[in-house]
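Dumped structure_14.pdb below, it's PDB, C-alpha atoms:
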```
ATOM      1  CA  MET Q   1       9.726  -3.966 -11.688
ATOM      2  CA  ARG Q   2      10.445  -1.831  -8.653
ATOM      3  CA  LYS Q   3       7.756  -2.124  -5.984
ATOM      4  CA  THR Q   4       6.592   0.012  -3.092
ATOM      5  CA  SER Q   5       9.211   0.639  -0.415
ATOM      6  CA  GLN Q   6       8.465  -1.215   2.785
ATOM      7  CA  ILE Q   7       7.745   0.710   5.966
ATOM      8  CA  PRO Q   8      10.981   0.527   8.002
ATOM      9  CA  GLN Q   9      11.078  -0.801  11.519
ATOM     10  CA  ALA Q  10      10.665   1.897  14.130
ATOM     11  CA  SER Q  11      13.986   1.112  15.783
ATOM     12  CA  SER Q  12      16.136   1.893  12.749
ATOM     13  CA  ASN Q  13      17.969   5.171  12.235
ATOM     14  CA  GLU Q  14      16.854   5.059   8.621
ATOM     15  CA  ALA Q  15      13.233   5.296   9.760
ATOM     16  CA  SER Q  16      13.885   8.613  11.453
ATOM     17  CA  ASP Q  17      15.506  10.010   8.334
ATOM     18  CA  LEU Q  18      12.704   8.627   6.179
ATOM     19  CA  TRP Q  19       9.869  10.137   8.191
ATOM     20  CA  SER Q  20      11.425  13.580   8.511
ATOM     21  CA  HIS Q  21      12.489  13.696   4.857
ATOM     22  CA  TRP Q  22       8.953  12.926   3.717
ATOM     23  CA  LEU Q  23       7.099  15.243   6.077
ATOM     24  CA  LEU Q  24       9.429  18.184   5.570
ATOM     25  CA  ASN Q  25      10.238  17.707   1.874
ATOM     26  CA  THR Q  26       8.696  15.117  -0.405
ATOM     27  CA  ARG Q  27       5.117  15.402   0.921
ATOM     28  CA  HIS Q  28       4.860  18.770  -0.841
ATOM     29  CA  ALA Q  29       7.888  18.450  -3.162
ATOM     30  CA  GLY Q  30       9.316  21.735  -1.906
ATOM     31  CA  ASP Q  31       6.354  23.733  -3.240
ATOM     32  CA  SER Q  32       5.324  26.297  -0.604
ATOM     33  CA  GLY Q  33       1.930  26.888  -2.220
ATOM     34  CA  HIS Q  34       1.127  23.183  -2.211
ATOM     35  CA  ALA Q  35       2.433  22.935   1.351
ATOM     36  CA  ALA Q  36      -0.054  25.642   2.380
ATOM     37  CA  GLN Q  37      -2.919  23.692   0.791
ATOM     38  CA  ILE Q  38      -1.860  20.542   2.637
ATOM     39  CA  GLN Q  39      -1.586  22.487   5.896
ATOM     40  CA  LYS Q  40      -5.145  23.773   5.546
ATOM     41  CA  GLN Q  41      -6.402  20.216   5.198
ATOM     42  CA  LEU Q  42      -4.269  19.044   8.126
ATOM     43  CA  ASN Q  43      -5.610  21.817  10.339
ATOM     44  CA  GLY Q  44      -9.135  20.551   9.770
ATOM     45  CA  MET Q  45      -8.075  17.054  10.804
ATOM     46  CA  ARG Q  46      -6.272  18.442  13.856
ATOM     47  CA  ASP Q  47      -9.341  20.339  14.992
ATOM     48  CA  ARG Q  48     -11.563  17.269  14.665
ATOM     49  CA  VAL Q  49      -9.113  15.096  16.638
ATOM     50  CA  LEU Q  50      -8.829  17.701  19.383
ATOM     51  CA  ALA Q  51     -12.602  18.028  19.596
ATOM     52  CA  GLY Q  52     -12.783  14.261  20.139
ATOM     53  CA  ALA Q  53     -10.189  14.437  22.920
ATOM     54  CA  ARG Q  54     -12.396  16.783  25.020
ATOM     55  CA  LEU Q  55      -9.445  18.479  26.645
ATOM     56  CA  VAL Q  56      -9.702  20.934  29.526
ATOM     57  CA  PRO Q  57      -6.924  23.007  31.151
ATOM     58  CA  ALA Q  58      -4.370  21.154  33.302
ATOM     59  CA  MET Q  59      -4.906  17.829  31.526
ATOM     60  CA  THR Q  60      -2.030  15.700  30.266
ATOM     61  CA  LEU Q  61      -2.126  14.881  26.561
ATOM     62  CA  VAL Q  62       0.048  12.209  24.945
ATOM     63  CA  ASP Q  63       0.411  12.738  21.190
ATOM     64  CA  VAL Q  64       1.770   9.574  19.555
ATOM     65  CA  GLY Q  65       3.635   9.810  16.265
ATOM     66  CA  ALA Q  66       3.406  13.559  16.592
ATOM     67  CA  GLY Q  67       5.603  14.418  13.621
ATOM     68  CA  ASP Q  68       6.297  18.139  13.682
ATOM     69  CA  GLY Q  69       3.719  18.650  16.446
ATOM     70  CA  LEU Q  70       0.531  19.429  14.528
ATOM     71  CA  ILE Q  71      -1.938  18.138  17.141
ATOM     72  CA  ALA Q  72       0.085  18.693  20.323
ATOM     73  CA  LEU Q  73       1.011  22.284  19.525
ATOM     74  CA  GLY Q  74      -2.499  22.957  18.281
ATOM     75  CA  ALA Q  75      -3.797  21.835  21.678
ATOM     76  CA  LEU Q  76      -1.358  24.136  23.471
ATOM     77  CA  GLU Q  77      -2.394  27.065  21.296
ATOM     78  CA  GLN Q  78      -6.048  26.321  21.987
ATOM     79  CA  PHE Q  79      -5.479  26.389  25.749
ATOM     80  CA  ALA Q  80      -2.738  29.018  25.844
ATOM     81  CA  GLY Q  81      -0.218  26.488  27.157
ATOM     82  CA  ARG Q  82      -2.390  25.368  30.078
ATOM     83  CA  LEU Q  83      -1.808  21.676  29.356
ATOM     84  CA  LYS Q  84       0.983  19.193  29.844
ATOM     85  CA  VAL Q  85       1.806  17.623  26.492
ATOM     86  CA  VAL Q  86       3.953  14.547  25.906
ATOM     87  CA  ILE Q  87       5.125  14.526  22.295
ATOM     88  CA  THR Q  88       6.366  11.167  20.991
ATOM     89  CA  ASP Q  89       7.768  10.036  17.675
ATOM     90  CA  ILE Q  90      10.233   7.480  16.363
ATOM     91  CA  SER Q  91      12.059  10.203  14.436
ATOM     92  CA  ALA Q  92      14.642  12.249  16.312
ATOM     93  CA  PRO Q  93      14.721  14.911  13.565
ATOM     94  CA  LEU Q  94      10.953  15.344  13.763
ATOM     95  CA  LEU Q  95      11.081  15.621  17.542
ATOM     96  CA  GLY Q  96      13.659  18.345  16.999
ATOM     97  CA  GLU Q  97      11.281  20.135  14.623
ATOM     98  CA  ALA Q  98       8.458  19.892  17.164
ATOM     99  CA  GLN Q  99      10.704  21.161  19.952
ATOM    100  CA  ALA Q 100      11.849  24.115  17.855
ATOM    101  CA  ALA Q 101       8.219  24.961  17.044
ATOM    102  CA  ALA Q 102       7.272  24.744  20.728
ATOM    103  CA  MET Q 103      10.068  27.158  21.585
ATOM    104  CA  ARG Q 104       8.956  29.608  18.900
ATOM    105  CA  LEU Q 105       5.450  29.543  20.368
ATOM    106  CA  GLY Q 106       6.714  29.825  23.947
ATOM    107  CA  PHE Q 107       5.293  26.434  24.981
ATOM    108  CA  GLN Q 108       8.526  24.527  25.613
ATOM    109  CA  HIS Q 109       7.932  24.381  29.377
ATOM    110  CA  SER Q 110       4.599  22.618  28.817
ATOM    111  CA  CYS Q 111       6.139  19.883  26.655
ATOM    112  CA  GLN Q 112       8.032  16.655  27.130
ATOM    113  CA  PHE Q 113       9.648  15.049  24.075
ATOM    114  CA  ILE Q 114      10.174  11.271  23.959
ATOM    115  CA  GLN Q 115      11.612   9.233  21.105
ATOM    116  CA  THR Q 116       9.737   5.934  21.216
ATOM    117  CA  PRO Q 117       7.766   3.643  18.909
ATOM    118  CA  ALA Q 118       4.016   3.400  19.377
ATOM    119  CA  GLU Q 119       4.300  -0.318  20.130
ATOM    120  CA  THR Q 120       6.144   0.345  23.423
ATOM    121  CA  LEU Q 121       5.683   4.017  24.405
ATOM    122  CA  THR Q 122       8.858   3.622  26.429
ATOM    123  CA  GLY Q 123       9.281   6.320  29.052
ATOM    124  CA  ILE Q 124       5.570   6.987  29.611
ATOM    125  CA  PRO Q 125       4.268   5.571  32.925
ATOM    126  CA  ASP Q 126       0.989   3.713  33.310
ATOM    127  CA  ASP Q 127      -2.230   5.661  33.909
ATOM    128  CA  THR Q 128      -0.751   9.125  33.368
ATOM    129  CA  ALA Q 129      -2.559  10.568  30.322
ATOM    130  CA  ASP Q 130      -5.976  12.188  30.346
ATOM    131  CA  ALA Q 131      -6.109  11.971  26.553
ATOM    132  CA  LEU Q 132      -4.122  10.307  23.772
ATOM    133  CA  THR Q 133      -4.146  11.361  20.126
ATOM    134  CA  THR Q 134      -2.717  10.253  16.797
ATOM    135  CA  ARG Q 135      -2.941  11.490  13.233
ATOM    136  CA  ALA Q 136      -1.757   9.117  10.524
ATOM    137  CA  ALA Q 137       0.578   7.339  12.926
ATOM    138  CA  LEU Q 138      -1.035   3.982  13.662
ATOM    139  CA  ALA Q 139      -1.291   3.349   9.907
ATOM    140  CA  TYR Q 140       2.484   2.896   9.748
ATOM    141  CA  VAL Q 141       2.779   0.637  12.795
ATOM    142  CA  PRO Q 142       3.287  -3.060  11.946
ATOM    143  CA  ASP Q 143       1.996  -4.362  15.303
ATOM    144  CA  LYS Q 144      -1.172  -2.372  15.766
ATOM    145  CA  ILE Q 145      -2.595  -4.428  18.631
ATOM    146  CA  ALA Q 146       0.603  -3.839  20.623
ATOM    147  CA  ALA Q 147       0.237  -0.099  20.025
ATOM    148  CA  ALA Q 148      -3.453  -0.127  21.001
ATOM    149  CA  ARG Q 149      -2.587  -1.880  24.256
ATOM    150  CA  GLN Q 150       0.086   0.717  24.975
ATOM    151  CA  PHE Q 151      -2.461   3.465  24.372
ATOM    152  CA  PHE Q 152      -4.699   1.751  26.919
ATOM    153  CA  ARG Q 153      -1.821   1.360  29.384
ATOM    154  CA  VAL Q 154      -0.762   5.002  29.504
ATOM    155  CA  LEU Q 155      -4.271   6.442  29.706
ATOM    156  CA  LYS Q 156      -5.824   7.087  33.083
ATOM    157  CA  PRO Q 157      -9.126   5.379  33.896
ATOM    158  CA  GLU Q 158     -11.782   7.318  31.948
ATOM    159  CA  GLY Q 159      -9.030   8.772  29.749
ATOM    160  CA  ARG Q 160     -10.037   9.496  26.157
ATOM    161  CA  LEU Q 161      -8.584   8.277  22.889
ATOM    162  CA  SER Q 162      -9.052  10.405  19.757
ATOM    163  CA  ILE Q 163      -7.351   9.371  16.526
ATOM    164  CA  CYS Q 164      -7.422  10.096  12.818
ATOM    165  CA  GLU Q 165      -6.044   7.457  10.458
ATOM    166  CA  PRO Q 166      -6.002   7.172   6.647
ATOM    167  CA  ILE Q 167      -7.698   4.135   5.088
ATOM    168  CA  PHE Q 168      -5.957   2.858   1.955
ATOM    169  CA  GLN Q 169      -7.192  -0.712   1.619
ATOM    170  CA  ASP Q 170     -10.104   0.003  -0.733
ATOM    171  CA  ALA Q 171      -7.919   2.060  -3.072
ATOM    172  CA  ALA Q 172      -5.276  -0.669  -3.131
ATOM    173  CA  ALA Q 173      -7.905  -3.349  -3.792
ATOM    174  CA  LYS Q 174      -9.336  -1.329  -6.693
ATOM    175  CA  LEU Q 175      -5.844  -0.986  -8.118
ATOM    176  CA  ALA Q 176      -5.396  -4.759  -7.925
ATOM    177  CA  ALA Q 177      -8.759  -5.337  -9.646
ATOM    178  CA  LEU Q 178      -7.917  -2.809 -12.344
ATOM    179  CA  GLY Q 179      -4.721  -4.679 -13.120
ATOM    180  CA  LEU Q 180      -6.694  -7.866 -13.768
ATOM    181  CA  ALA Q 181      -9.227  -6.035 -15.913
ATOM    182  CA  LEU Q 182      -6.556  -4.372 -18.045
ATOM    183  CA  GLN Q 183      -5.063  -7.763 -18.902
ATOM    184  CA  ASN Q 184      -8.226  -8.705 -20.766
ATOM    185  CA  LEU Q 185      -8.874  -5.471 -22.678
ATOM    186  CA  PRO Q 186      -7.839  -5.092 -26.326
ATOM    187  CA  ASN Q 187      -5.169  -2.552 -27.157
ATOM    188  CA  SER Q 188      -6.334   1.000 -27.768
ATOM    189  CA  PRO Q 189      -4.854   4.430 -27.042
ATOM    190  CA  ALA Q 190      -7.010   4.813 -23.908
ATOM    191  CA  THR Q 191      -6.261   1.297 -22.662
ATOM    192  CA  ASN Q 192      -2.553   1.689 -23.261
ATOM    193  CA  LEU Q 193      -2.502   4.947 -21.279
ATOM    194  CA  ALA Q 194      -4.420   3.258 -18.478
ATOM    195  CA  ARG Q 195      -1.832   0.490 -18.426
ATOM    196  CA  LEU Q 196       1.027   2.990 -18.183
ATOM    197  CA  THR Q 197      -0.687   4.796 -15.315
ATOM    198  CA  HIS Q 198      -1.399   1.488 -13.600
ATOM    199  CA  ARG Q 199       2.211   0.363 -13.854
ATOM    200  CA  CYS Q 200       3.385   3.572 -12.192
ATOM    201  CA  ARG Q 201       0.735   3.427  -9.502
ATOM    202  CA  THR Q 202       1.594  -0.166  -8.607
ATOM    203  CA  ALA Q 203       5.186   0.946  -8.070
ATOM    204  CA  GLN Q 204       3.910   3.396  -5.445
ATOM    205  CA  ILE Q 205       1.402   1.407  -3.378
ATOM    206  CA  PRO Q 206       0.618  -2.303  -2.792
ATOM    207  CA  SER Q 207      -1.230  -3.792  -5.739
ATOM    208  CA  THR Q 208      -1.673  -7.521  -5.069
ATOM    209  CA  ALA Q 209      -3.660  -9.312  -2.382
ATOM    210  CA  ALA Q 210      -0.454 -10.537  -0.735
ATOM    211  CA  GLU Q 211       1.116  -7.071  -0.709
ATOM    212  CA  ILE Q 212      -2.068  -5.453   0.614
ATOM    213  CA  GLN Q 213      -2.250  -7.857   3.550
ATOM    214  CA  LYS Q 214       1.450  -7.499   4.341
ATOM    215  CA  HIS Q 215       1.803  -3.721   4.245
ATOM    216  CA  PRO Q 216       0.819  -1.899   7.480
ATOM    217  CA  LEU Q 217      -0.722   0.968   5.505
ATOM    218  CA  THR Q 218      -3.196  -1.232   3.631
ATOM    219  CA  ASN Q 219      -3.785  -4.298   5.811
ATOM    220  CA  PHE Q 220      -6.613  -2.746   7.847
ATOM    221  CA  THR Q 221      -9.963  -1.033   7.360
ATOM    222  CA  GLU Q 222     -11.972   1.342   9.509
ATOM    223  CA  ARG Q 223     -13.880  -1.684  10.836
ATOM    224  CA  ASP Q 224     -10.604  -3.271  11.878
ATOM    225  CA  LEU Q 225      -9.794  -0.164  13.916
ATOM    226  CA  VAL Q 226     -13.034  -0.569  15.854
ATOM    227  CA  ALA Q 227     -12.258  -4.231  16.569
ATOM    228  CA  LEU Q 228      -8.659  -3.379  17.459
ATOM    229  CA  PHE Q 229      -9.548  -0.950  20.209
ATOM    230  CA  GLN Q 230     -12.333  -3.151  21.480
ATOM    231  CA  MET Q 231      -9.791  -5.966  21.893
ATOM    232  CA  ALA Q 232      -7.459  -3.571  23.693
ATOM    233  CA  GLY Q 233     -10.120  -2.920  26.332
ATOM    234  CA  PHE Q 234     -11.659   0.391  25.288
ATOM    235  CA  ILE Q 235     -15.367   1.173  25.601
ATOM    236  CA  GLU Q 236     -17.722   3.796  24.114
ATOM    237  CA  ILE Q 237     -15.987   3.415  20.752
ATOM    238  CA  HIS Q 238     -17.265   5.721  18.039
ATOM    239  CA  MET Q 239     -15.906   5.693  14.494
ATOM    240  CA  GLU Q 240     -16.727   7.984  11.581
ATOM    241  CA  LEU Q 241     -15.451   7.305   8.066
ATOM    242  CA  HIS Q 242     -14.996  10.419   5.958
ATOM    243  CA  ILE Q 243     -14.607  10.033   2.194
ATOM    244  CA  ASP Q 244     -13.949  13.280   0.345
ATOM    245  CA  LEU Q 245     -13.769  13.519  -3.425
ATOM    246  CA  ASN Q 246     -12.494  16.932  -4.437
ATOM    247  CA  TYR Q 247     -11.932  18.500  -7.801
ATOM    248  CA  GLY Q 248      -8.291  19.167  -8.261
ATOM    249  CA  VAL Q 249      -6.673  22.570  -8.205
ATOM    250  CA  PRO Q 250      -4.076  23.583 -10.774
ATOM    251  CA  MET Q 251      -0.681  22.274  -9.731
ATOM    252  CA  ASN Q 252       2.795  22.767 -11.082
ATOM    253  CA  TRP Q 253       3.841  19.675 -13.006
ATOM    254  CA  PRO Q 254       7.194  19.376 -11.181
ATOM    255  CA  THR Q 255       5.318  19.382  -7.840
ATOM    256  CA  PHE Q 256       2.949  16.658  -8.999
ATOM    257  CA  LEU Q 257       5.857  14.696 -10.428
ATOM    258  CA  HIS Q 258       8.106  14.806  -7.367
ATOM    259  CA  GLN Q 259       5.705  14.623  -4.408
ATOM    260  CA  SER Q 260       5.422  11.302  -2.578
ATOM    261  CA  PRO Q 261       2.053  10.013  -1.304
ATOM    262  CA  PHE Q 262       3.421   8.646   1.990
ATOM    263  CA  PRO Q 263       6.756   7.854   3.672
ATOM    264  CA  GLY Q 264       8.616   5.163   1.786
ATOM    265  CA  ALA Q 265       6.592   5.553  -1.412
ATOM    266  CA  LEU Q 266       8.120   6.469  -4.748
ATOM    267  CA  SER Q 267       7.272   9.792  -6.318
ATOM    268  CA  LEU Q 268       5.606   9.657  -9.730
ATOM    269  CA  PHE Q 269       8.938  10.601 -11.285
ATOM    270  CA  GLU Q 270      10.657   7.701  -9.554
ATOM    271  CA  ALA Q 271       7.837   5.321 -10.475
ATOM    272  CA  MET Q 272       7.928   6.376 -14.126
ATOM    273  CA  THR Q 273      11.701   5.989 -14.231
ATOM    274  CA  ALA Q 274      11.484   2.534 -12.643
ATOM    275  CA  THR Q 275       8.654   1.103 -14.760
ATOM    276  CA  LEU Q 276       8.476   2.939 -18.124
ATOM    277  CA  ASN Q 277      10.863   3.428 -21.003
ATOM    278  CA  ARG Q 278      11.554   6.918 -22.293
ATOM    279  CA  GLU Q 279       8.857   6.821 -24.974
ATOM    280  CA  GLU Q 280       6.265   5.605 -22.479
ATOM    281  CA  GLN Q 281       7.254   8.334 -20.018
ATOM    282  CA  GLN Q 282       6.701  10.959 -22.721
ATOM    283  CA  GLN Q 283       3.291   9.471 -23.583
ATOM    284  CA  LEU Q 284       2.147   9.516 -19.984
ATOM    285  CA  GLU Q 285       3.401  13.055 -19.394
ATOM    286  CA  ALA Q 286       1.619  14.292 -22.530
ATOM    287  CA  HIS Q 287      -1.599  12.779 -21.149
ATOM    288  CA  LEU Q 288      -1.298  13.810 -17.501
ATOM    289  CA  ARG Q 289       0.449  17.167 -17.541
ATOM    290  CA  PRO Q 290      -2.375  19.244 -19.114
ATOM    291  CA  LYS Q 291      -4.848  17.743 -16.623
ATOM    292  CA  VAL Q 292      -2.583  18.458 -13.662
ATOM    293  CA  GLU Q 293      -1.792  22.018 -14.686
ATOM    294  CA  SER Q 294      -5.452  22.837 -15.411
ATOM    295  CA  GLY Q 295      -6.782  21.274 -12.198
ATOM    296  CA  GLN Q 296      -8.637  18.358 -13.804
ATOM    297  CA  VAL Q 297      -7.184  15.676 -11.519
ATOM    298  CA  THR Q 298      -9.526  14.840  -8.649
ATOM    299  CA  THR Q 299      -8.351  13.752  -5.224
ATOM    300  CA  ARG Q 300      -9.879  11.130  -2.937
ATOM    301  CA  GLU Q 301      -9.304  11.147   0.803
ATOM    302  CA  CYS Q 302     -10.543   8.301   2.991
ATOM    303  CA  VAL Q 303     -10.032   8.964   6.709
ATOM    304  CA  ALA Q 304     -11.341   7.245   9.843
ATOM    305  CA  TYR Q 305     -11.917   9.294  12.994
ATOM    306  CA  LEU Q 306     -12.243   7.196  16.128
ATOM    307  CA  THR Q 307     -12.847   8.092  19.770
ATOM    308  CA  ALA Q 308     -12.937   5.724  22.728
ATOM    309  CA  LEU Q 309     -12.776   5.635  26.508
ATOM    310  CA  LYS Q 310     -10.642   3.657  28.914
ATOM    311  CA  PRO Q 311     -13.051   2.252  31.513
ATOM    312  CA  SER Q 312     -12.990   3.473  35.067
ATOM    313  CA  GLU Q 313     -11.344   1.112  37.551
ATOM    314  CA  ALA Q 314     -14.795   0.116  38.801
ATOM    315  CA  LYS Q 315     -15.879  -0.975  35.327
ATOM    316  CA  HIS Q 316     -12.617  -2.432  34.093
ATOM    317  CA  HIS Q 317     -12.011  -6.084  34.750
ATOM    318  CA  GLY Q 318      -8.286  -6.421  34.196
ATOM    319  CA  ALA Q 319      -5.919  -4.949  31.643
ATOM    320  CA  PRO Q 320      -5.790  -6.610  28.198
TER     321      PRO Q 320
END
```

This structure in structure tokens:
Amino acid sequence: MRKTSQIPQASSNEASDLWSHWLLNTRHAGDSGHAAQIQKQLNGMRDRVLAGARLVPAMTLVDVGAGDGLIALGALEQFAGRLKVVITDISAPLLGEAQAAAMRLGFQHSCQFIQTPAETLTGIPDDTADALTTRAALAYVPDKIAAARQFFRVLKPEGRLSICEPIFQDAAAKLAALGLALQNLPNSPATNLARLTHRCRTAQIPSTAAEIQKHPLTNFTERDLVALFQMAGFIEIHMELHIDLNYGVPMNWPTFLHQSPFPGALSLFEAMTATLNREEQQQLEAHLRPKVESGQVTTRECVAYLTALKPSEAKHHGAP
């Protein structure tokens, strides 16, 4: 059985291709209407992260794992370019997308673009950022404590951290528990469909205790984020966990079939092809497709918002 793709190391060229391909293509499966729905949700996350950063004109913002520039360019729009923004990502293609967007908006002179992993933030001097932001970036970093310490390093004393990270561990744990439960249920049409769905889902995300603890996307909780930044030296840490269950909206079946939940994950089509025979694929499509096209599939989003402060030099007793 084909399992979830592993998150590539940040230094590989493949990682850059992977991240850009997902963000620009497979996240929305080429469906412009679905892309607009995703963008609306992302804009809400962006606004909450920026509110936590407490920016004012002339500040320097470092946006880590910026992707196509959602947060950084949103900050520049909010302040009409009166910020200095350092946009970082491991993906050269995504940095190119962000740079092109900055030029379209007329903000290119306010931006610096640096290709660097979060674990090193190479090229960013110590104590230079007034604020540092991420959105769904730390979740893909294997060495999170190294990244947290780099965040601390580049922030000025009393600089603010404001991040937004997805939490997948509970969903993965429920998937693992469901697999055990399905082993003990007698055969029935409903149980058999549940088993087919489970087999596809386990090809997309970690589904055993060992996999959950190994994968950077699932090996942490919102509580771990609090402990992580406390260990890195931050103070005044505030975390809010947002869980949103939303009724689905009608979606084209091809979009649902070919979108990927995160970089490196199989699409449902790929998971079905890898784990089900042709007859099983037809059974699952007959079950799922009417629900998808009529908007009967609910979505669950679990997101942690965290803000923190680097202590002033008077309060700080040595870097971590």

Contacts of Q:Gly69 within 8 Å, only C-alpha atoms, excl. fewer than 4 positions in-chain, as a ChimeraX atom specification: /Q:73-74,87,97-98,101

Hits of the PyMOL selection byres ((chain Q and resi 256) around 12) in this structure, as a ChimeraX atom specification: /Q:26-31,34,248-255,257-261,267-270,285,288-293,295,297

Spatial neighbours of Q:Ala177, 10 Å, all atoms listed in the file, chain gap at least 6 places, as a PyMOL selection string: chain Q and resi 171+207-209

Include C-alpha atoms and write out the residues we just selected as a compact mmCIF listing (two decimals), in the frame of the given file.
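The file below, again-v9.txt, is the result:
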```
# COMPACT_ATOMS: atom_id res chain seq x y z
CA ALA Q 171 -7.92 2.06 -3.07
CA SER Q 207 -1.23 -3.79 -5.74
CA THR Q 208 -1.67 -7.52 -5.07
CA ALA Q 209 -3.66 -9.31 -2.38
```

Reference answer for the PyMOL selection byres ((chain Q and resi 142) around 8), as a PyMOL selection string: chain Q and resi 140-141+143-144+215-216

Q:Thr128 environment, 6 Å, all atoms listed in the file, sequence neighbours closer than 4 positions dropped, as a list in words: Val154, Leu155 and Lys156 of chain Q

Could you turn the residues from that selection into a file that holds C-alpha atoms, as a short mmCIF file (atom, residue, chain, number, x, y, z; two decimals), in the frame of the given file?
```
data_model
loop_
_atom_site.label_atom_id
_atom_site.label_comp_id
_atom_site.auth_asym_id
_atom_site.auth_seq_id
_atom_site.Cartn_x
_atom_site.Cartn_y
_atom_site.Cartn_z
CA VAL Q 154 -0.76 5.00 29.50
CA LEU Q 155 -4.27 6.44 29.71
CA LYS Q 156 -5.82 7.09 33.08
#
```

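For the set Q:Arg278, Q:His109, Q:His242, Q:His198, the residue with the smallest atom-to-atom gap to Q:Arg300 is Q:His242, counting only C-alpha atoms.
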
Within 12 Å of Q:Leu42 using only C-alpha atoms, minus same-chain residues under 3 positions, as a list in words: Ala35, Ala36, Gln37, Ile38, Gln39, Met45, Arg46, Asp47, Arg48, Val49, Asp68, Gly69, Leu70, Ile71, Gly74, Arg135, Ala136, Cys164, Glu165, Glu301 and Val303 of chain Q
